[in-house]
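Asker: Just passing along the structure, written as structure tokens.
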Amino acid sequence: MNRNTTRFRPLALVVLLAGLGLGISGVVAQSDSTTLVDEPVTPTNETESIYLDATGIDDMNGSGLVDVTVAVEGLTENETAGDGTILDETTISVAAGTTESYDYALVDADRDYDELRLTATVATADDDELIASTDWGTLQRTSGGAGGGLGEETGAIGTAAVVLVVVWLVGRED
């Protein structure tokens, strides 16, 4: 057995678990609140869209679908959350053990705002317990020639993959 492979496996497992642990802590629904996500996004010329994924717990005990209201609000420098312009608002229905997605494609006028605020809420605080996790972020436009970059939010799996590649490359140096 190759010593690099042997050394890599335990180290990779530790890095993967640590990365996933850090990433998951940021995507779990807030307890006893109707707010699942309330996050700012600074739009740039490269920002293509904003997304949100909501996953229902495996057993909702007959509760049925959970409605999650998702909104994108445009804020200028002098505005605070709730005082801006609602650019889009919709409701996604999340079933047990499934992931429902929302995607908002930015138009040029959206990039004039200082901040875009993504919110996701449920009707009652009890409904938040039926959502296992939420994941959100932006998709970024990449220029040709230099290769693709990571977006503003890569998510737990993307971060873990990048860390694993770096660890693998460092491990090969021996």
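Each chain in the structure tokens gets a letter, A, B, ..., in the order shown, and its residues are numbered from 1; ligands are numbered from 1 in order too.
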Among segment 59-156 of chain A, which residues carry a DSSP assignment of helix (DSSP H, G or I), reported as a list in words?
Answerer: Asp108, Ala109, Asp110, Arg111, Asp112, Ala125, Asp126, Asp127, Asp128, Glu129, Leu130, Gly155 and Ala156 of chain A
Asker: Taking only C-alpha atoms into account, which of A:Thr85, A:Thr119, A:Asn78, A:Thr98 comes nearest Ala54 of chain A?
Answerer: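 Of A:Thr85, A:Thr119, A:Asn78, A:Thr98, the one nearest Ala54 of chain A, counting only C-alpha atoms, is A:Thr98.
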Asker: Any idea what the distance is between atom CA of Thr44 of chain A and atom CA of Leu87 of chain A?
Answerer: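 Atom CA of Leu87 of chain A lies at a distance of 16.4 Å from atom CA of Thr44 of chain A.
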Asker: Between atom CA of Asp128 of chain A and atom CA of Asp103 of chain A, measure the distance and give it in Å to one decimal.
Answerer: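 That distance, rounded to one decimal, is 20.7 Å.
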Asker: Give me, as a PDB file with N, CA, C and O atoms, in the first residue's frame, all polymer residues having an atom no more than 7 Å from Asp67 of chain A, counting only C-alpha atoms and skipping those fewer than 4 positions away in the same chain.
Answerer:
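Output (around24.pdb):
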```pdb
ATOM      1  N   THR A  91     -43.712  31.439  -2.802  1.00  0.00           N
ATOM      2  CA  THR A  91     -43.811  30.414  -1.771  1.00  0.00           C
ATOM      3  C   THR A  91     -43.473  29.070  -2.394  1.00  0.00           C
ATOM      4  O   THR A  91     -43.993  28.722  -3.456  1.00  0.00           O
ATOM      5  N   ILE A  92     -42.562  28.350  -1.728  1.00  0.00           N
ATOM      6  CA  ILE A  92     -42.255  26.986  -2.142  1.00  0.00           C
ATOM      7  C   ILE A  92     -42.814  26.052  -1.073  1.00  0.00           C
ATOM      8  O   ILE A  92     -42.841  26.400   0.104  1.00  0.00           O
ATOM      9  N   SER A  93     -43.310  24.898  -1.489  1.00  0.00           N
ATOM     10  CA  SER A  93     -43.878  23.926  -0.560  1.00  0.00           C
ATOM     11  C   SER A  93     -42.920  22.754  -0.428  1.00  0.00           C
ATOM     12  O   SER A  93     -42.573  22.112  -1.414  1.00  0.00           O
ATOM     13  N   VAL A  94     -42.506  22.494   0.804  1.00  0.00           N
ATOM     14  CA  VAL A  94     -41.501  21.471   1.080  1.00  0.00           C
ATOM     15  C   VAL A  94     -42.176  20.263   1.719  1.00  0.00           C
ATOM     16  O   VAL A  94     -42.885  20.393   2.714  1.00  0.00           O
ATOM     17  N   VAL A 122     -41.295  30.773   7.479  1.00  0.00           N
ATOM     18  CA  VAL A 122     -42.425  29.851   7.555  1.00  0.00           C
ATOM     19  C   VAL A 122     -43.542  30.554   8.318  1.00  0.00           C
ATOM     20  O   VAL A 122     -43.315  31.567   8.977  1.00  0.00           O
TER      21      VAL A 122
END
```
Asker: Which one of A:Thr76, A:Asn61, A:Thr99, A:Thr124 sits closest to Pro43 of chain A if you count only C-alpha atoms?
Answerer: A:Thr76
Asker: Between A:Tyr104, A:Ala95, A:Ser33, A:Gln140, which residue has the minimum interatomic distance to Gly64 of chain A, considering only C-alpha atoms?
Answerer: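 The answer is A:Ala95, which sits nearest to Gly64 of chain A.
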Asker: I'd like to know which of A:Ala81, A:Ile50, A:Val107, A:Val68 is closest to Ala125 of chain A, using only C-alpha atoms.
Answerer: A:Val68
Asker: Just how far from atom CA of Thr138 of chain A is atom CA of Ser49 of chain A, in Å to one decimal?
Answerer: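 A separation of 5.6 Å between them.
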